[in-house]
file target.txt (compact mmCIF, C-alpha atoms)
# COMPACT_ATOMS: atom_id res chain seq x y z
CA MET A 88 160.08 -50.72 -156.39
CA SER A 89 156.44 -51.22 -157.20
CA GLY A 90 155.80 -52.09 -153.59
CA PHE A 91 156.40 -48.44 -152.76
CA THR A 92 154.44 -46.81 -155.55
CA GLN A 93 151.47 -49.11 -155.76
CA ILE A 94 149.51 -48.90 -152.55
CA VAL A 95 147.34 -51.96 -152.21
CA LEU A 96 145.39 -53.63 -149.44
CA HIS A 97 148.43 -55.20 -147.81
CA HIS A 98 150.01 -51.88 -147.00
CA TYR A 99 147.02 -50.81 -144.93
CA LEU A 100 146.85 -54.21 -143.25
CA ALA A 101 150.53 -53.94 -142.35
CA ILE A 102 150.04 -50.51 -140.80
CA GLY A 103 147.10 -51.85 -138.79
CA ALA A 104 149.17 -54.80 -137.60
CA ILE A 105 152.06 -52.55 -136.57
CA LEU A 106 149.81 -50.21 -134.59
CA PHE A 107 148.16 -53.19 -132.90
CA SER A 108 151.48 -54.72 -131.88
CA LEU A 109 152.81 -51.42 -130.54
CA GLY A 110 149.67 -51.05 -128.45
CA LEU A 111 150.13 -54.61 -127.23
CA ILE A 112 153.69 -53.94 -126.14
CA GLY A 113 152.62 -50.78 -124.33
CA PHE A 114 149.79 -52.59 -122.60
CA LEU A 115 152.12 -55.28 -121.29
CA THR A 116 154.84 -52.89 -120.24
CA ARG A 117 153.46 -49.74 -118.70
CA ARG A 118 152.59 -49.51 -115.04
CA ASN A 119 150.47 -46.38 -115.13
CA LEU A 120 146.81 -47.44 -115.25
CA ILE A 121 145.80 -44.53 -117.47
CA ILE A 122 148.50 -45.23 -120.06
CA LEU A 123 147.48 -48.90 -119.92
CA PHE A 124 144.04 -47.99 -121.19
CA LEU A 125 145.51 -45.54 -123.70
CA CYS A 126 147.44 -48.46 -125.22
CA THR A 127 144.15 -50.36 -125.41
CA GLU A 128 142.79 -47.51 -127.51
CA LEU A 129 145.91 -47.75 -129.67
CA MET A 130 145.18 -51.42 -130.32
CA LEU A 131 141.69 -50.40 -131.34
CA GLN A 132 143.16 -47.93 -133.85
CA GLY A 133 145.02 -50.76 -135.55
CA VAL A 134 141.86 -52.84 -135.75
CA ILE A 135 139.91 -49.91 -137.19
CA ILE A 136 142.45 -49.41 -139.98
CA THR A 137 142.26 -53.12 -140.85
CA LEU A 138 138.45 -53.06 -140.93
CA LEU A 139 138.35 -50.05 -143.20
CA ALA A 140 141.01 -51.48 -145.51
CA PHE A 141 138.93 -54.59 -146.03
CA ALA A 142 135.81 -52.51 -146.58
CA THR A 143 137.58 -50.56 -149.30
CA PHE A 144 138.97 -53.73 -150.83
CA HIS A 145 135.62 -55.46 -151.07
CA GLY A 146 133.88 -52.27 -152.11
CA ASN A 147 131.06 -52.42 -149.61
CA LEU A 148 130.07 -50.52 -146.53
CA GLN A 149 129.95 -53.27 -143.93
CA GLY A 150 133.45 -52.46 -142.68
CA GLN A 151 132.59 -48.78 -142.36
CA ALA A 152 129.49 -49.54 -140.33
CA PHE A 153 131.55 -51.80 -138.09
CA VAL A 154 134.05 -48.97 -137.60
CA ILE A 155 131.25 -46.71 -136.40
CA PHE A 156 130.17 -49.31 -133.87
CA ALA A 157 133.78 -49.82 -132.80
CA LEU A 158 134.01 -46.06 -132.14
CA VAL A 159 130.83 -46.27 -130.04
CA ILE A 160 132.28 -49.11 -127.99
CA ALA A 161 135.59 -47.26 -127.60
CA ALA A 162 133.85 -44.18 -126.26
CA ALA A 163 131.72 -46.18 -123.82
CA GLU A 164 134.70 -48.22 -122.63
CA ALA A 165 136.91 -45.16 -122.21
CA SER A 166 134.38 -43.36 -120.04
CA LEU A 167 133.76 -46.35 -117.80
CA ALA A 168 137.45 -47.25 -117.54
CA LEU A 169 138.42 -43.71 -116.54
CA GLY A 170 135.63 -43.60 -113.95
CA LEU A 171 136.97 -46.81 -112.44
CA ILE A 172 140.51 -45.44 -112.50
CA VAL A 173 139.39 -42.36 -110.57
CA LEU A 174 137.76 -44.64 -107.99
CA LEU A 175 140.90 -46.77 -107.74
CA PHE A 176 142.98 -43.64 -107.30
CA ARG A 177 140.77 -42.50 -104.46
CA GLN A 178 141.22 -45.84 -102.74
CA LYS A 179 145.00 -46.03 -102.83
CA GLN A 180 146.08 -42.55 -103.85
CA THR A 181 148.14 -43.92 -106.71
CA VAL A 182 147.60 -44.98 -110.30
CA ASP A 183 150.33 -47.59 -110.14
CA ALA A 184 149.07 -50.92 -111.42
CA ASP A 185 151.41 -52.69 -109.00
CA ALA A 186 149.51 -51.23 -106.04
CA TRP A 187 146.86 -53.85 -106.73
CA ARG A 188 149.22 -56.82 -106.63
CA GLU A 189 147.15 -58.56 -104.01
CA LEU A 190 144.50 -59.16 -106.66
CA ARG A 191 146.85 -61.56 -108.44
CA GLY A 192 146.06 -65.21 -107.84
CA MET B 269 149.27 -27.99 -161.48
CA SER B 270 152.08 -26.81 -163.63
CA SER B 271 154.06 -24.76 -161.16
CA PRO B 272 154.42 -25.52 -157.48
CA LEU B 273 154.04 -22.01 -156.18
CA VAL B 274 152.07 -19.24 -157.79
CA PRO B 275 153.88 -15.88 -157.52
CA SER B 276 151.52 -14.43 -154.91
CA LEU B 277 152.00 -17.43 -152.65
CA THR B 278 155.77 -17.25 -153.10
CA LEU B 279 155.75 -13.57 -152.18
CA GLY B 280 153.55 -14.19 -149.16
CA LEU B 281 155.73 -17.02 -147.85
CA CYS B 282 158.89 -14.97 -148.32
CA ILE B 283 157.41 -11.99 -146.47
CA LEU B 284 156.29 -14.24 -143.63
CA ALA B 285 159.65 -15.94 -143.33
CA GLY B 286 161.44 -12.59 -143.58
CA ILE B 287 159.50 -11.00 -140.73
CA GLY B 288 159.98 -14.14 -138.70
CA THR B 289 163.73 -14.14 -139.24
CA PHE B 290 163.84 -10.46 -138.30
CA PHE B 291 162.23 -11.34 -134.99
CA LEU B 292 164.48 -14.34 -134.51
CA LEU B 293 167.76 -12.48 -134.88
CA PRO B 294 169.48 -11.71 -131.57
CA ARG B 295 169.09 -8.22 -130.28
CA ALA B 296 170.32 -6.20 -127.37
CA GLN B 297 167.29 -6.41 -125.08
CA LYS B 298 166.27 -10.02 -124.77
CA ASN B 299 162.65 -10.50 -125.61
CA VAL B 300 161.83 -14.17 -125.48
CA SER B 301 158.27 -13.89 -126.72
CA LEU B 302 159.35 -11.96 -129.80
CA ARG B 303 161.86 -14.63 -130.69
CA ALA B 304 159.22 -17.28 -130.16
CA ILE B 305 156.84 -15.46 -132.48
CA GLY B 306 159.60 -15.16 -135.07
CA GLY B 307 160.41 -18.83 -134.79
CA GLY B 308 156.74 -19.68 -135.20
CA MET B 309 156.41 -17.60 -138.34
CA VAL B 310 159.47 -19.17 -139.95
CA ALA B 311 158.16 -22.61 -139.03
CA VAL B 312 154.75 -21.87 -140.58
CA ALA B 313 156.35 -20.59 -143.77
CA GLY B 314 158.61 -23.64 -143.96
CA VAL B 315 155.73 -26.05 -143.46
CA ALA B 316 153.63 -24.30 -146.09
CA PHE B 317 156.52 -24.51 -148.53
CA VAL B 318 157.07 -28.21 -147.87
CA LEU B 319 153.36 -28.92 -148.31
CA ALA B 320 153.31 -27.06 -151.62
CA MET B 321 156.29 -29.10 -152.79
CA ILE B 322 154.58 -32.35 -151.83
CA ARG B 323 151.41 -31.30 -153.57
CA TRP B 324 153.40 -30.52 -156.69
CA ALA B 325 155.27 -33.82 -156.58
CA VAL B 326 152.02 -35.72 -156.23
CA GLY B 327 150.43 -33.96 -159.16
CA LEU B 328 153.47 -34.27 -161.37
CA SER B 329 153.21 -37.85 -162.54
CA GLY B 330 149.68 -37.63 -163.78
CA SER B 331 148.97 -41.07 -165.17
CA GLU B 332 150.06 -43.29 -162.31
CA GLY B 333 146.63 -44.48 -161.23
CA GLY B 334 145.01 -43.86 -164.57
CA SER B 335 142.68 -41.26 -163.15
CA GLY B 336 144.91 -38.27 -162.66
CA VAL B 337 145.58 -38.68 -158.97
CA GLY B 338 149.26 -38.78 -159.63
CA ALA B 339 151.64 -40.11 -157.06
CA SER B 340 149.21 -40.25 -154.18
CA TYR B 341 151.28 -42.98 -152.59
CA ILE B 342 153.36 -40.20 -151.07
CA TYR B 343 150.41 -39.25 -148.86
CA PHE B 344 150.08 -42.83 -147.70
CA TRP B 345 153.72 -43.02 -146.66
CA ILE B 346 153.60 -39.68 -144.87
CA PHE B 347 150.51 -40.62 -142.88
CA SER B 348 151.74 -44.08 -142.02
CA ILE B 349 155.16 -42.88 -140.87
CA LEU B 350 153.45 -40.27 -138.69
CA ALA B 351 151.08 -42.89 -137.28
CA VAL B 352 153.80 -45.41 -136.46
CA ALA B 353 156.15 -42.80 -135.00
CA GLY B 354 153.35 -41.37 -132.88
CA ALA B 355 152.36 -44.82 -131.67
CA ALA B 356 155.97 -45.62 -130.77
CA ARG B 357 156.18 -42.43 -128.69
CA VAL B 358 152.85 -43.15 -127.01
CA VAL B 359 154.22 -46.44 -125.78
CA THR B 360 157.69 -45.26 -124.80
CA HIS B 361 157.31 -41.75 -123.41
CA PRO B 362 157.68 -41.68 -119.61
CA GLN B 363 155.35 -38.74 -118.98
CA PRO B 364 151.65 -39.56 -119.28
CA VAL B 365 150.56 -36.22 -120.74
CA TYR B 366 153.01 -36.58 -123.62
CA SER B 367 151.67 -40.06 -124.32
CA ALA B 368 148.19 -38.59 -124.68
CA ILE B 369 149.43 -35.81 -126.98
CA TYR B 370 151.28 -38.27 -129.21
CA PHE B 371 148.14 -40.35 -129.32
CA VAL B 372 146.33 -37.33 -130.73
CA LEU B 373 149.01 -37.25 -133.45
CA THR B 374 148.37 -40.92 -134.18
CA VAL B 375 144.64 -40.27 -134.41
CA PHE B 376 145.19 -37.47 -136.92
CA ALA B 377 147.45 -39.66 -139.04
CA THR B 378 144.87 -42.45 -138.96
CA ALA B 379 142.20 -39.99 -140.05
CA GLY B 380 144.44 -39.05 -142.97
CA LEU B 381 144.66 -42.70 -143.96
CA PHE B 382 140.87 -42.86 -143.83
CA VAL B 383 140.60 -39.91 -146.20
CA LEU B 384 142.91 -41.76 -148.59
CA MET B 385 140.45 -44.65 -148.53
CA ALA B 386 137.56 -42.28 -149.36
CA ALA B 387 135.92 -42.58 -145.95
CA GLU B 388 135.74 -38.88 -145.13
CA PHE B 389 132.90 -39.13 -142.66
CA LEU B 390 134.79 -41.73 -140.66
CA ALA B 391 137.88 -39.53 -140.64
CA ALA B 392 135.85 -36.64 -139.25
CA ALA B 393 134.07 -38.90 -136.76
CA LEU B 394 137.40 -40.31 -135.60
CA ILE B 395 138.83 -36.86 -134.95
CA ILE B 396 135.69 -35.62 -133.20
CA ILE B 397 135.22 -38.67 -131.02
CA TYR B 398 138.80 -39.67 -130.30
CA ALA B 399 140.82 -36.48 -130.32
CA GLY B 400 137.93 -34.27 -129.32
CA ALA B 401 136.26 -36.27 -126.57
CA ILE B 402 138.11 -39.38 -125.45
CA LEU B 403 141.58 -37.85 -125.36
CA VAL B 404 140.33 -34.71 -123.62
CA VAL B 405 138.85 -36.88 -120.88
CA TYR B 406 142.11 -38.80 -120.67
CA VAL B 407 144.10 -35.61 -120.18
CA PHE B 408 141.62 -34.48 -117.50
CA VAL B 409 141.99 -37.75 -115.62
CA ILE B 410 145.78 -37.66 -115.96
CA MET B 411 145.79 -34.24 -114.37
CA LEU B 412 143.28 -35.15 -111.66
CA ALA B 413 144.74 -38.48 -110.71
CA SER B 414 148.35 -37.40 -110.57
CA GLU B 415 150.36 -38.32 -107.54
CA ALA B 416 152.40 -35.71 -105.73
CA THR B 417 156.09 -36.33 -106.26
CA GLU B 418 157.60 -33.81 -103.87
CA GLY B 419 158.79 -36.59 -101.60
CA GLY B 420 161.52 -37.42 -104.07
CA GLY B 421 160.48 -38.77 -107.40
CA ILE B 422 162.91 -39.91 -110.01
CA ILE B 423 164.60 -37.03 -111.79
CA SER B 424 164.90 -37.62 -115.47
CA LYS B 425 166.90 -35.22 -117.58
CA THR B 426 165.94 -35.02 -121.19
CA VAL B 427 167.07 -32.44 -123.68
CA GLY B 428 166.89 -29.05 -122.07
CA LYS B 429 164.52 -29.88 -119.24
CA THR B 430 164.36 -31.99 -116.15
CA SER B 431 161.18 -33.64 -115.04
CA VAL B 432 160.28 -35.45 -111.88
CA LEU B 433 158.70 -38.80 -112.58
CA THR B 434 157.02 -41.19 -110.26
CA ASP B 435 158.49 -44.61 -109.79
CA PHE B 436 155.92 -46.37 -111.85
CA ASP B 437 156.33 -43.98 -114.75
CA ALA B 438 160.08 -44.27 -114.86
CA SER B 439 160.34 -48.04 -114.98
CA SER B 440 158.50 -50.55 -117.10
CA ARG B 441 157.43 -54.06 -116.31
CA GLU B 442 159.28 -56.91 -117.99
CA PRO B 443 160.42 -54.93 -121.02
CA PHE B 444 162.38 -57.77 -122.58
CA TRP B 445 159.61 -60.33 -122.58
CA ALA B 446 157.00 -57.78 -123.60
CA CYS B 447 159.04 -56.68 -126.61
CA LEU B 448 159.82 -60.26 -127.52
CA GLY B 449 156.19 -61.25 -127.40
CA GLY B 450 154.92 -58.12 -129.11
CA PHE B 451 157.36 -58.23 -131.98
CA THR B 452 156.79 -61.96 -132.43
CA VAL B 453 153.10 -61.18 -132.85
CA MET B 454 153.95 -58.38 -135.28
CA ALA B 455 156.29 -60.56 -137.30
CA THR B 456 153.70 -63.34 -137.53
CA MET B 457 151.00 -60.95 -138.67
CA LEU B 458 153.23 -59.27 -141.25
CA PHE B 459 154.37 -62.64 -142.55
CA VAL B 460 150.80 -63.79 -143.02
CA ILE B 461 149.83 -60.50 -144.66
CA PHE B 462 152.66 -60.49 -147.16
CA ASP B 463 152.63 -64.20 -147.82
CA ARG B 464 150.24 -63.64 -150.69
CA ALA B 465 152.25 -60.76 -152.15
CA PRO B 466 152.51 -62.18 -155.68
CA THR B 467 148.73 -62.10 -156.01
CA LEU B 468 148.29 -58.49 -154.95
CA LEU B 469 145.13 -56.93 -156.20
CA LYS B 470 145.33 -53.28 -156.98
CA ALA B 471 143.14 -51.14 -154.77
CA PRO B 472 140.90 -48.85 -156.72
CA ALA B 473 141.89 -45.23 -157.02
CA VAL B 474 140.39 -42.91 -154.48
CA GLU B 475 137.89 -41.25 -156.81
CA GLN B 476 136.51 -44.58 -157.96
CA ILE B 477 135.80 -45.98 -154.54
CA PRO B 478 132.35 -44.39 -154.01
CA GLN B 479 131.24 -45.70 -157.40
CA ALA B 480 132.62 -49.13 -156.56
CA ILE B 481 130.74 -49.11 -153.31
CA ARG B 482 127.62 -48.00 -155.09
CA ASP B 483 127.99 -50.85 -157.56
CA ALA B 484 128.67 -53.48 -154.97
CA SER B 485 126.04 -52.57 -152.42
CA ASN B 486 122.62 -53.91 -153.19
CA ASN B 487 120.46 -51.24 -154.64
CA LEU B 488 120.59 -48.58 -152.00
CA GLY B 489 118.85 -46.15 -154.25
CA PRO B 490 120.15 -42.84 -155.52
CA THR B 491 122.73 -41.36 -153.19
CA THR B 492 125.01 -38.45 -153.65
CA GLY B 493 127.94 -38.95 -151.39
CA GLY B 494 129.84 -41.10 -148.97
CA ILE B 495 127.92 -40.02 -145.90
CA GLN B 496 124.58 -40.55 -147.59
CA GLN B 497 125.54 -44.01 -148.75
CA LEU B 498 126.75 -44.92 -145.30
CA GLY B 499 123.63 -43.53 -143.66
CA VAL B 500 121.25 -45.34 -145.99
CA TYR B 501 123.21 -48.53 -145.55
CA MET B 502 123.29 -48.32 -141.78
CA PHE B 503 119.63 -47.54 -141.33
CA THR B 504 118.42 -50.17 -143.76
CA HIS B 505 120.81 -53.05 -143.20
CA GLN B 506 122.12 -52.41 -139.69
CA SER B 507 119.14 -50.72 -138.08
CA ILE B 508 119.04 -52.99 -135.03
CA ALA B 509 122.75 -52.56 -134.47
CA VAL B 510 122.31 -48.78 -134.53
CA GLN B 511 119.68 -48.99 -131.82
CA VAL B 512 121.82 -51.32 -129.76
CA ALA B 513 124.71 -48.86 -130.10
CA GLY B 514 122.50 -46.11 -128.71
CA LEU B 515 121.53 -48.38 -125.86
CA ILE B 516 125.20 -49.09 -125.11
CA LEU B 517 125.95 -45.39 -124.95
CA THR B 518 123.06 -44.84 -122.56
CA LEU B 519 124.26 -47.70 -120.38
CA ALA B 520 127.78 -46.28 -120.34
CA MET B 521 126.48 -42.88 -119.32
CA VAL B 522 124.38 -44.30 -116.51
CA GLY B 523 127.25 -46.49 -115.39
CA ALA B 524 129.72 -43.61 -115.32
CA ILE B 525 127.33 -41.50 -113.25
CA MET B 526 126.78 -44.35 -110.79
CA ILE B 527 130.53 -44.91 -110.50
CA ALA B 528 131.21 -41.26 -109.85
CA ARG B 529 128.66 -41.05 -107.06
CA LYS B 530 130.50 -43.34 -104.70
CA HIS B 531 132.71 -41.94 -102.02
CA ILE B 532 135.47 -43.93 -100.39
CA ILE B 533 136.65 -43.56 -96.83
CA LEU B 534 140.39 -43.71 -96.40
CA THR B 535 141.20 -46.14 -93.62
CA ASP B 536 144.50 -47.38 -92.28
CA ILE B 537 145.35 -50.92 -91.15
CA ASP B 538 143.25 -50.90 -87.97
CA GLY B 539 140.20 -49.62 -89.75
CA ASN B 540 140.39 -46.12 -88.31
CA ILE B 541 139.62 -43.31 -90.63
CA SER B 542 142.93 -42.02 -91.85
CA PRO B 543 143.83 -38.44 -90.98
CA ALA B 544 144.90 -38.01 -94.58
CA ALA B 545 141.28 -37.96 -95.68
CA ASP B 546 140.93 -34.69 -97.46
CA ALA B 547 137.89 -32.58 -98.08
CA SER B 548 137.11 -34.18 -101.41
CA VAL B 549 136.24 -37.51 -99.80
CA GLY B 550 132.99 -37.69 -97.94
CA PRO B 551 131.23 -40.34 -95.92
CA MET B 552 130.00 -43.44 -97.69
CA LEU B 553 126.42 -42.76 -98.61
CA ASP B 554 123.71 -45.32 -99.06
CA VAL B 555 122.56 -45.03 -102.62
CA ASP B 556 118.98 -44.01 -102.17
CA ASP B 557 117.26 -42.48 -105.12
CA ASN B 558 115.03 -40.18 -103.17
CA PRO B 559 116.28 -36.76 -104.34
CA HIS B 560 115.61 -35.29 -100.92
CA GLY B 561 117.58 -38.03 -99.21
CA VAL B 562 120.86 -37.62 -101.09
CA GLU B 563 122.99 -34.82 -99.81
CA VAL B 564 124.11 -32.52 -102.55
CA THR B 565 127.85 -32.64 -102.11
CA GLY B 566 130.43 -30.30 -103.48
CA THR B 567 128.76 -27.06 -102.65
CA GLN B 568 128.36 -24.92 -99.59
CA ASN B 569 126.25 -22.43 -101.43
CA PRO B 570 123.20 -21.52 -99.37
CA ASN B 571 121.47 -20.39 -102.54
CA GLN B 572 121.73 -23.86 -104.06
CA LYS B 573 118.33 -24.64 -105.45
CA GLU B 574 116.44 -27.42 -103.74
CA TYR B 575 114.80 -30.15 -105.68
CA PRO B 576 111.26 -29.10 -106.48
CA GLU B 577 108.53 -30.53 -104.38
CA LEU B 578 106.75 -33.23 -106.30

call {"tool": "encode", "arguments": {"input": "target.txt", "output": "structure tokens"}}
result
Amino acid sequence: MSGFTQIVLHHYLAIGAILFSLGLIGFLTRRNLIILFLCTELMLQGVIITLLAFATFHGNLQGQAFVIFALVIAAAEASLALGLIVLLFRQKQTVDADAWRELRG
Amino acid sequence: MSSPLVPSLTLGLCILAGIGTFFLLPRAQKNVSLRAIGGGMVAVAGVAFVLAMIRWAVGLSGSEGGSGVGASYIYFWIFSILAVAGAARVVTHPQPVYSAIYFVLTVFATAGLFVLMAAEFLAAALIIIYAGAILVVYVFVIMLASEATEGGGIISKTVGKTSVLTDFDASSREPFWACLGGFTVMATMLFVIFDRAPTLLKAPAVEQIPQAIRDASNNLGPTTGGIQQLGVYMFTHQSIAVQVAGLILTLAMVGAIMIARKHIILTDIDGNISPAADASVGPMLDVDDNPHGVEVTGTQNPNQKEYPEL
């Protein structure tokens, strides 16, 4: 049972992988544009946990600095994505992703 | 700690739970708010008791990590189960507002995992930025961009309440293939991660991590804490990246303002302006940065201050 009592790097990596995959499934499945971008943020959470786990494992601060920049990018992307969603909603009065089917090649 | 609950805390929790139960018991005149208050008090007392028990269990086996942290693996399992359960509900809940709320739960659990890895500043930054700013904006947009469902949405009955969902919230796209693909990705990643399980290296205990970082980072000078180490590191080794990050935030702000300035005319098939155009949509304006040329929309206030004459 030492896998349960001894928390090592692989546990954190596994949690990051699980969060990333759940976000991936949500991104592929949901039709609401807003929830689509929320699942993107969920994928980013998984990546952040992985980065920080490696930073702790190697004992340096590079991973932590990268996490700060990832948070900056997440904030910038969230604001722009939501602005675009509001514009799309004004165009078609719906946030259904299938309303934009004509964009598919 | 030798005993889980000091006597004063025990007495306080019992008094709280007792008053709460008194409010919860059925009485002749129905007073829903009183029962809710009673239920809340009992819940708070129960949670405090459970937390004290966990704290005691963690401190009990004192020589697990060799530095007196005890069985801190319990905290890891609690936070990870909360994170995974919250993420599962984010993905599967049909109502968008609940997805956002469960995402806040996931963010808090992730911040707890960060604290376990001795990155307290990042835990606080995560909560402030994600739960405090990004998720608030998400909830605003969910409320603003919600479609009216009075024309007959899909009625979904969950436990105790019925909710009217739109068509695109109630059904998902290709659930079988998405789950197949997603769980294949998860299985591959987990296989690769645990393939090297026999050569696991023990992660350092939480108290030793700042010292380990101090030893491994190249001569950052005397620092007294995690935030200080991170700050010195970022502004000496990643100074250009910090400035680029500020530039990205400025660009995002300018971009969001430019996006929000556009107005869209609702037209039907023939190109006529649709009668459904409501008051919030105005005519398409040429973007002209003369402050006297752009009409100040959104207000009919005659006392609205003009732009000052240059």

call {"tool": "residues_around", "arguments": {"input": "target.txt", "residues": "range 274-285 of chain B", "least_positions_apart": "2", "cutoff": "12 Å", "atoms": "all atoms listed in the file", "output": "number ranges by chain"}}
result
B: 269-272, 287-292, 305-318, 320-321, 324

call {"tool": "residues_around", "arguments": {"input": "target.txt", "residues": "Thr143 in chain A", "least_positions_apart": "4", "cutoff": "7 Å", "atoms": "all atoms listed in the file", "output": "JSON, numbers by chain"}}
result
{"A": [139, 147], "B": [385]}

call {"tool": "residues_near_point", "arguments": {"input": "target.txt", "point": "(158.1, -52.2, -116.2)", "cutoff": "8 Å", "atoms": "all atoms listed in the file", "output": "JSON, numbers by chain"}}
result
{"A": [116, 117, 118], "B": [436, 439, 440, 441, 442, 443]}

call {"tool": "residues_around", "arguments": {"input": "target.txt", "residues": "Gly113 in chain A", "least_positions_apart": "3", "cutoff": "12 Å", "atoms": "all atoms listed in the file", "output": "MDAnalysis selection string"}}
result
(chainID A and resid 106:110 116:130) or (chainID B and resid 355:362 367 440:443 445:447 449:451)

call {"tool": "atom_distance", "arguments": {"input": "target.txt", "atom1": "CA of Tyr99 in chain A", "atom2": "CA of Ala140 in chain A"}}
result
6.1 Å

call {"tool": "atom_distance", "arguments": {"input": "target.txt", "atom1": "CA of Gln506 in chain B", "atom2": "CA of Ala142 in chain A"}}
result
15.3 Å

call {"tool": "atom_distance", "arguments": {"input": "target.txt", "atom1": "CA of Phe408 in chain B", "atom2": "CA of Ile369 in chain B"}}
result
12.4 Å

call {"tool": "closest_residue", "arguments": {"input": "target.txt", "among": "B:Ala304, B:Phe459, B:Gly380, B:Glu415", "to": "chain A", "atoms": "all atoms listed in the file"}}
result
B:Glu415

call {"tool": "residues_around", "arguments": {"input": "target.txt", "residues": "Thr181 in chain A", "least_positions_apart": "5", "cutoff": "8 Å", "atoms": "all atoms listed in the file", "output": "ChimeraX atom specification"}}
result
/A:175-176,186 /B:413-415

call {"tool": "residues_around", "arguments": {"input": "target.txt", "residues": "Thr137 in chain A", "least_positions_apart": "3", "cutoff": "9 Å", "atoms": "all atoms listed in the file", "output": "PyMOL selection string"}}
result
chain A and resi 99-104+132-134+140-142

call {"tool": "axis_aligned_box", "arguments": {"input": "target.txt", "around": "range 139-144 of chain A", "padding_each_side": "6 Å", "output": "lines of an AutoDock Vina configuration file"}}
result
center_x = 138.4
center_y = -52.3
center_z = -147.0
size_x = 17.2
size_y = 16.5
size_z = 19.6

call {"tool": "closest_residue", "arguments": {"input": "target.txt", "among": "A:Leu190, A:Leu138, A:Ile112, A:Ala157", "to": "chain B", "atoms": "all atoms listed in the file"}}
result
A:Ile112

call {"tool": "closest_residue", "arguments": {"input": "target.txt", "among": "B:Met526, B:Val460, B:Pro364, B:Thr378", "to": "Ile135 in chain A", "atoms": "all atoms listed in the file"}}
result
B:Thr378

call {"tool": "closest_residue", "arguments": {"input": "target.txt", "among": "A:Leu171, A:Leu131, A:Leu96, A:Ile105", "to": "Val159 in chain A", "atoms": "all atoms listed in the file"}}
result
A:Leu131

call {"tool": "closest_residue", "arguments": {"input": "target.txt", "among": "B:Ala386, B:Ala399, B:Val372, B:Leu350", "to": "Phe144 in chain A", "atoms": "all atoms listed in the file"}}
result
B:Ala386

call {"tool": "build_atoms", "arguments": {"input": "target.txt", "residues": "range 166-178 of chain A", "atoms": "N, CA and C atoms", "output": "PDB file, in the frame of the given file"}}
result
ATOM      1  N   SER A 166     134.993 -44.097-121.146  1.00  0.00           N
ATOM      2  CA  SER A 166     134.380 -43.360-120.040  1.00  0.00           C
ATOM      3  C   SER A 166     134.294 -44.231-118.796  1.00  0.00           C
ATOM      4  N   LEU A 167     133.877 -45.485-118.976  1.00  0.00           N
ATOM      5  CA  LEU A 167     133.760 -46.350-117.800  1.00  0.00           C
ATOM      6  C   LEU A 167     135.121 -46.657-117.199  1.00  0.00           C
ATOM      7  N   ALA A 168     136.119 -46.916-118.055  1.00  0.00           N
ATOM      8  CA  ALA A 168     137.450 -47.250-117.540  1.00  0.00           C
ATOM      9  C   ALA A 168     138.034 -46.088-116.750  1.00  0.00           C
ATOM     10  N   LEU A 169     137.853 -44.861-117.251  1.00  0.00           N
ATOM     11  CA  LEU A 169     138.420 -43.710-116.540  1.00  0.00           C
ATOM     12  C   LEU A 169     137.675 -43.458-115.239  1.00  0.00           C
ATOM     13  N   GLY A 170     136.340 -43.727-115.216  1.00  0.00           N
ATOM     14  CA  GLY A 170     135.630 -43.600-113.950  1.00  0.00           C
ATOM     15  C   GLY A 170     136.158 -44.587-112.920  1.00  0.00           C
ATOM     16  N   LEU A 171     136.419 -45.813-113.369  1.00  0.00           N
ATOM     17  CA  LEU A 171     136.970 -46.810-112.440  1.00  0.00           C
ATOM     18  C   LEU A 171     138.365 -46.424-111.978  1.00  0.00           C
ATOM     19  N   ILE A 172     139.158 -45.840-112.889  1.00  0.00           N
ATOM     20  CA  ILE A 172     140.510 -45.440-112.500  1.00  0.00           C
ATOM     21  C   ILE A 172     140.457 -44.353-111.439  1.00  0.00           C
ATOM     22  N   VAL A 173     139.502 -43.421-111.580  1.00  0.00           N
ATOM     23  CA  VAL A 173     139.390 -42.360-110.570  1.00  0.00           C
ATOM     24  C   VAL A 173     139.020 -42.980-109.226  1.00  0.00           C
ATOM     25  N   LEU A 174     138.117 -43.970-109.238  1.00  0.00           N
ATOM     26  CA  LEU A 174     137.760 -44.640-107.990  1.00  0.00           C
ATOM     27  C   LEU A 174     138.955 -45.358-107.380  1.00  0.00           C
ATOM     28  N   LEU A 175     139.725 -46.066-108.224  1.00  0.00           N
ATOM     29  CA  LEU A 175     140.900 -46.770-107.740  1.00  0.00           C
ATOM     30  C   LEU A 175     141.920 -45.797-107.163  1.00  0.00           C
ATOM     31  N   PHE A 176     142.039 -44.640-107.807  1.00  0.00           N
ATOM     32  CA  PHE A 176     142.980 -43.640-107.300  1.00  0.00           C
ATOM     33  C   PHE A 176     142.541 -43.134-105.949  1.00  0.00           C
ATOM     34  N   ARG A 177     141.238 -42.970-105.757  1.00  0.00           N
ATOM     35  CA  ARG A 177     140.770 -42.500-104.460  1.00  0.00           C
ATOM     36  C   ARG A 177     141.019 -43.529-103.371  1.00  0.00           C
ATOM     37  N   GLN A 178     141.025 -44.798-103.756  1.00  0.00           N
ATOM     38  CA  GLN A 178     141.220 -45.840-102.740  1.00  0.00           C
ATOM     39  C   GLN A 178     142.655 -45.879-102.259  1.00  0.00           C
TER      40      GLN A 178
END
